[in-house]
Structure formats: C-alpha cells, structure tokens
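Engineer: Once you've had a glance at the structure underneath, I'll fire off some questions.
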Amino acid sequence: MRLLLSIMVCGVVIRADARADGDGGAFASRMVNGGGGLEIFTVEAGNPDGPDILFIHGWAQSSDSWAAQMRGPLAARYHMVAMDLRGHGRSGAPDEPALYQNGALMARDVDAVIEAYDLDAPVLVGWSYGGVVIGDYLHRYGDGEISGVVTVGALVGLGTEKMNAVARGSGPSLFSALARLPFDRRLRGVLSRFWATPGYVRDAYLGRKADHSVTYAHLSKPLLVIQGAKDGIVSPDFAAHFASVQPKAEVVMFEESGHFPFAEEPARFDAVLADFMQRVD
C-alpha cells in the first residue's frame with residue numbers, strides 16, 4: 001500500500017492569485033486560515049449565485065487538477081471552490097510531520113474554507129486522498145452543513161491492516177498507469193505538481209494511519225462514488241468498499257478511465273456531477 005501511494009500522482013488547485021490558464025480562463029484566489037492558523041490557498045470560479053461545490057484534490061497535487069471543471073460548462077451553473085491541501089500547492093508547508101497526520105486539522109481546513117466562502121450546503125468532491133480528508137471533516141463536523149459527497153478514485157483510509165487489504169493494486173497496473181503520465185496530454189501537469197510538493201510533506205501524508213469506513217457508514221446525505229475501471233493507482237476495490245459500508249451509495253464506473261476520470265473523460269464527468277447536483281439541490 002505504501003508503494004502504491006508513494007508513487008501515485010493525484011490532485012488539483014488553480015495556481016496563483018488570479019491566474020490565466022492556457023485556455024484563457026481566469027480564477028480568483030485567496031488565502032484562508034485553516035487548522036492551527038495555517039494558510040490554505042483557495043481558488044474560486046463559476047456562477048456566484050449557483051449551488052456550491054468544493055473540490056478537494058489528492059496526494060502530491062494541487063487545485064490545478066480541476067481546471068477543466070472550473071473553466072468548463074459547469075461554470076455557467078455552479079459556484080466552484082477548490083483548495084490546496086496543507087503542504088500542497090500554495091498552502092503553507094511547515095516541516096512538522098504531525099501537522100499532516102492530524103485529522104482534526106485537516107477537518108478544520110475544510111470547514112474554514114466553507115466558512116470563508118459562506119458556502120451554502122456545498123457538495124464535497126474528493127479525489128484520491130481527498131476521500132480521507134472528507135472523512136476527517138465528516139468525522140468531526142458531521143454532514144449537517146453539506147448536501148452530499150462525491151468521491152473520485154478515492155481512498156476511505158490508509159496505513160491500517162484493513163485498508164492495506166482493500167488496496168490490492170498490482171505492480172503491472174501501477175507501472176502502466178505511471179508510464180503514460182508524461183505522454184497523455186490530458187494529464188499534463190500531474191508530474192510537475194508531484195515534484196513541487198515537498199518530499200517531507202509527501203512522506204508525512206503516507207505515514208498516516210486512518211480508516212473512515214464507519215464515518216462513511218453514518219453518512220446520511222447522498223454519496224456518489226466515481227471510479228475509473230482502469231485505475232492502477234488506487235484500486236477499484238475501494239469503490240466496492242465504499243458501497244459495502246454505505247449501501248445507499250451510487251457507484252458510477254468510468255470504463256475508459258484510470259485514476260483521473262475528470263481529466264480523461266471530462267465531458268462525461270461533468271455530466272455525471274451535474275446530474276448529481278440537480279438531484280441533491
């Protein structure tokens with residue numbers, strides 16, 4: 001499991017203050033004081049009067065990963081915010097490992113972003129390690145202030161014997177997934193974001209032990225589980241695990257995607273997310 005996660009490349013956050021991306025889109029940004037006062041970088045796009053979505057990226061990535069969603073068709077209808085996890089992107093990155101292994105601090109980071117933007121019953125969208133971070137939030141704040149949860153190739157936990165048993169990724173599938181990263185234009189930026197994340201941050205995240213199976217079992221709001229059938233980084237077995245602990249979960253398999261459905265099949269991803277948003281609104 002440690003090897004599987006230590007090489008995986010996941011996440012997103014739109015870079016800089018107000019940054020223009022390659023397609024000409026501009027995103028407003030601000031710093032938010034998260035858990036323990038740490039600065040959390042955030043970006044905002046879309047319809048300010050629309051239903052709220054909060055995107056949470058994965059390990060060793062940043063908010064840039066959600067650029068296709070934040071500058072695409074969803075922007076006409078939804079108010080979207082993406083955050084850089086602590087230690088990632090432009091968020092603060094202190095060198096104490098414990099600050100990246102404390103679920104209460106992670107939960108407060110998410111809560112602080114919700115407060116700062118005055119998000120009204122947002123849908124939380126968590127990719128990869130973002131599933132653990134959403135679990136941190138739900139464990140400490142419950143689901144009373146949100147409308148629903150969407151996980152994307154996400155983990156329930158990591159580092160425990162139970163979680164290691166769920167993550168049955170194979171060596172060949174992992175290396176196949178990694179080998180195509182530099183050559184797939186849809187995944188540009190993934191490796192650069194990985195290397196931009198300090199090594200001590202990457203190691204600290206992977207050193208954590210967490211299992212939010214019970215947390216997700218108690219979720220009373222709708223749960224959509226999106227999973228790439230060809231995911232060689234986070235085992236598709238995690239999608240089945242989400243469904244086993246939360247029987248009301250809806251599982252949507254992206255047969256042509258690996259670990260990055262939002263980048264590999266963006267039009268379908270946006271349509272599935274928009275359909276979920278309409279049903280929970």
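Labeling convention for the structure tokens: chains A, B, ... as they appear, residues from 1 per chain, ligands from 1 in order of appearance.
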Could you name the residues that touch segment 93-109 of chain A at 6 Å or less, counting only C-alpha atoms, but leaving out those on the same chain fewer than 6 positions away, as a list in words?
Structural biologist: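 Those residues are Gly34, Gly35, Gly87, Asp136, Tyr137, Ala204, Tyr205 and Arg208 of chain A.
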Engineer: Please build the interface table for segment 149-260 of chain A against segment 75-85 of chain A with a cut-off of 12 Å, listing for each qualifying residue the nearest atom pair and the distance in Å to one decimal; count only C-alpha atoms, order rows by chain and increasing number, and write it as a Markdown table.
Structural biologist:
```
| residue | atom | partner | partner_atom | distance |
| --- | --- | --- | --- | --- |
| A:Arg193 | CA | A:Asp84 | CA | 11.3 |
| A:Thr197 | CA | A:Leu85 | CA | 10.6 |
| A:Val201 | CA | A:Leu85 | CA | 10.5 |
| A:Arg202 | CA | A:Leu85 | CA | 11.5 |
| A:Tyr205 | CA | A:Leu85 | CA | 10.7 |
```
Engineer: Would you please work out which residue, of A:Ala121, A:Val234, A:Ile114, A:Leu223, is nearest to Met163 of chain A when using only C-alpha atoms?
Structural biologist: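 Residue with the minimum atom-to-atom distance to Met163 of chain A: A:Val234.
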Engineer: Let's see if you can do this: from backbone DSSP, list all strand (DSSP E) residues in segment 23-266 of chain A, as a VMD selection string.
Structural biologist: chain A and resid 26 to 33 39 to 46 52 to 56 79 to 83 123 to 127 148 to 152 157 to 158 210 to 211 223 to 228 250 to 254
Engineer: Rounded to one decimal in Å, what is the spacing between atom CA of Lys230 of chain A and atom CA of Leu174 of chain A?
Structural biologist: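 Computing the Euclidean distance for atom CA of Lys230 of chain A and atom CA of Leu174 of chain A yields 10.0 Å.
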Engineer: Find the residues around Met277 of chain A up to 9 Å (only C-alpha atoms counted), leave out those fewer than 5 positions away in its own chain, and share them as a VMD selection string.
Structural biologist: chain A and resid 51 53 123 147 to 148 272
Engineer: Please list as a PDB file with C-alpha atoms, in the first residue's frame every residue within 9 Å of Gln227 of chain A, counting only C-alpha atoms and excluding residues in the same chain fewer than 5 positions away.
Structural biologist:
```
ATOM      1  CA  THR A 151     -15.633  10.587  -4.278  1.00  0.00           C
ATOM      2  CA  VAL A 152     -13.420  10.094  -7.324  1.00  0.00           C
ATOM      3  CA  GLY A 153     -10.969   7.195  -7.336  1.00  0.00           C
ATOM      4  CA  ALA A 154     -10.871   7.843  -3.620  1.00  0.00           C
ATOM      5  CA  PRO A 236     -11.161  -0.044  -7.856  1.00  0.00           C
ATOM      6  CA  PHE A 238     -12.141   0.941  -2.852  1.00  0.00           C
ATOM      7  CA  ALA A 239     -15.306   1.744  -4.818  1.00  0.00           C
ATOM      8  CA  VAL A 251     -21.374   3.812  -7.874  1.00  0.00           C
ATOM      9  CA  VAL A 252     -20.612   5.019 -11.405  1.00  0.00           C
ATOM     10  CA  MET A 253     -17.819   3.194 -13.213  1.00  0.00           C
ATOM     11  CA  PHE A 254     -15.879   5.034 -15.906  1.00  0.00           C
ATOM     12  CA  GLU A 255     -14.823   2.133 -18.098  1.00  0.00           C
ATOM     13  CA  SER A 257     -10.662   5.968 -17.317  1.00  0.00           C
ATOM     14  CA  GLY A 258      -7.821   5.256 -14.968  1.00  0.00           C
ATOM     15  CA  HIS A 259      -7.160   7.363 -11.886  1.00  0.00           C
ATOM     16  CA  PHE A 260      -8.207  10.661 -13.499  1.00  0.00           C
ATOM     17  CA  PRO A 261     -11.836  10.433 -14.737  1.00  0.00           C
TER      18      PRO A 261
END
```
Engineer: Write down as a VMD selection string the residues of segment 4-250 of chain A whose backbone DSSP state falls under alpha helix (DSSP H).
Structural biologist: chain A and resid 4 to 7 67 to 70 103 to 116 130 to 141 161 to 166 171 to 179 190 to 196 199 to 206 213 to 217 237 to 245
Engineer: Report as a VMD selection string all protein, DNA and RNA residues lying within 6 Å of Glu39 of chain A, evaluated on only C-alpha atoms, omitting residues in the same chain fewer than 4 positions from it.
Structural biologist: chain A and resid 31 to 34 91 to 92
Engineer: Kindly give the distance, in Å, that separates atom CA of Gly157 of chain A and atom CA of Arg180 of chain A, rounded to a single decimal.
Structural biologist: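 That distance, rounded to one decimal, is 26.2 Å.
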Engineer: Go through A:Asp275, A:Asp231, A:Val156, A:Glu115 and flag the residue nearest Glu256 of chain A, using only C-alpha atoms for the distances.
Structural biologist: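 Result for the nearest residue to Glu256 of chain A: A:Asp231.
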Engineer: Residues within 7 Å of Val125 of chain A, please, as a VMD selection string. Count only C-alpha atoms; anything in the same chain fewer than 4 positions from it doesn't count.
Structural biologist: chain A and resid 54 to 56 149 to 151
Engineer: Of the candidates A:Ala267, A:Leu155, A:Val110, A:Ala217, which shows the shortest atom-to-atom distance to Phe41 of chain A, using only C-alpha atoms?
Structural biologist: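 Using only C-alpha atoms, the shortest distance to Phe41 of chain A belongs to A:Val110.
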Engineer: Rank A:Glu44, A:Asp203, A:Asp211, A:Glu250 by their smallest atom-to-atom distance to Val132 of chain A, using only C-alpha atoms, and report the top residue only.
Structural biologist: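 Selected residue with least distance to Val132 of chain A: A:Asp211.
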Engineer: Tell me, in Å to one decimal, how far atom CA of Asp270 of chain A is from atom CA of Pro222 of chain A.
Structural biologist: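 Separating atom CA of Asp270 of chain A from atom CA of Pro222 of chain A is a distance of 17.5 Å.
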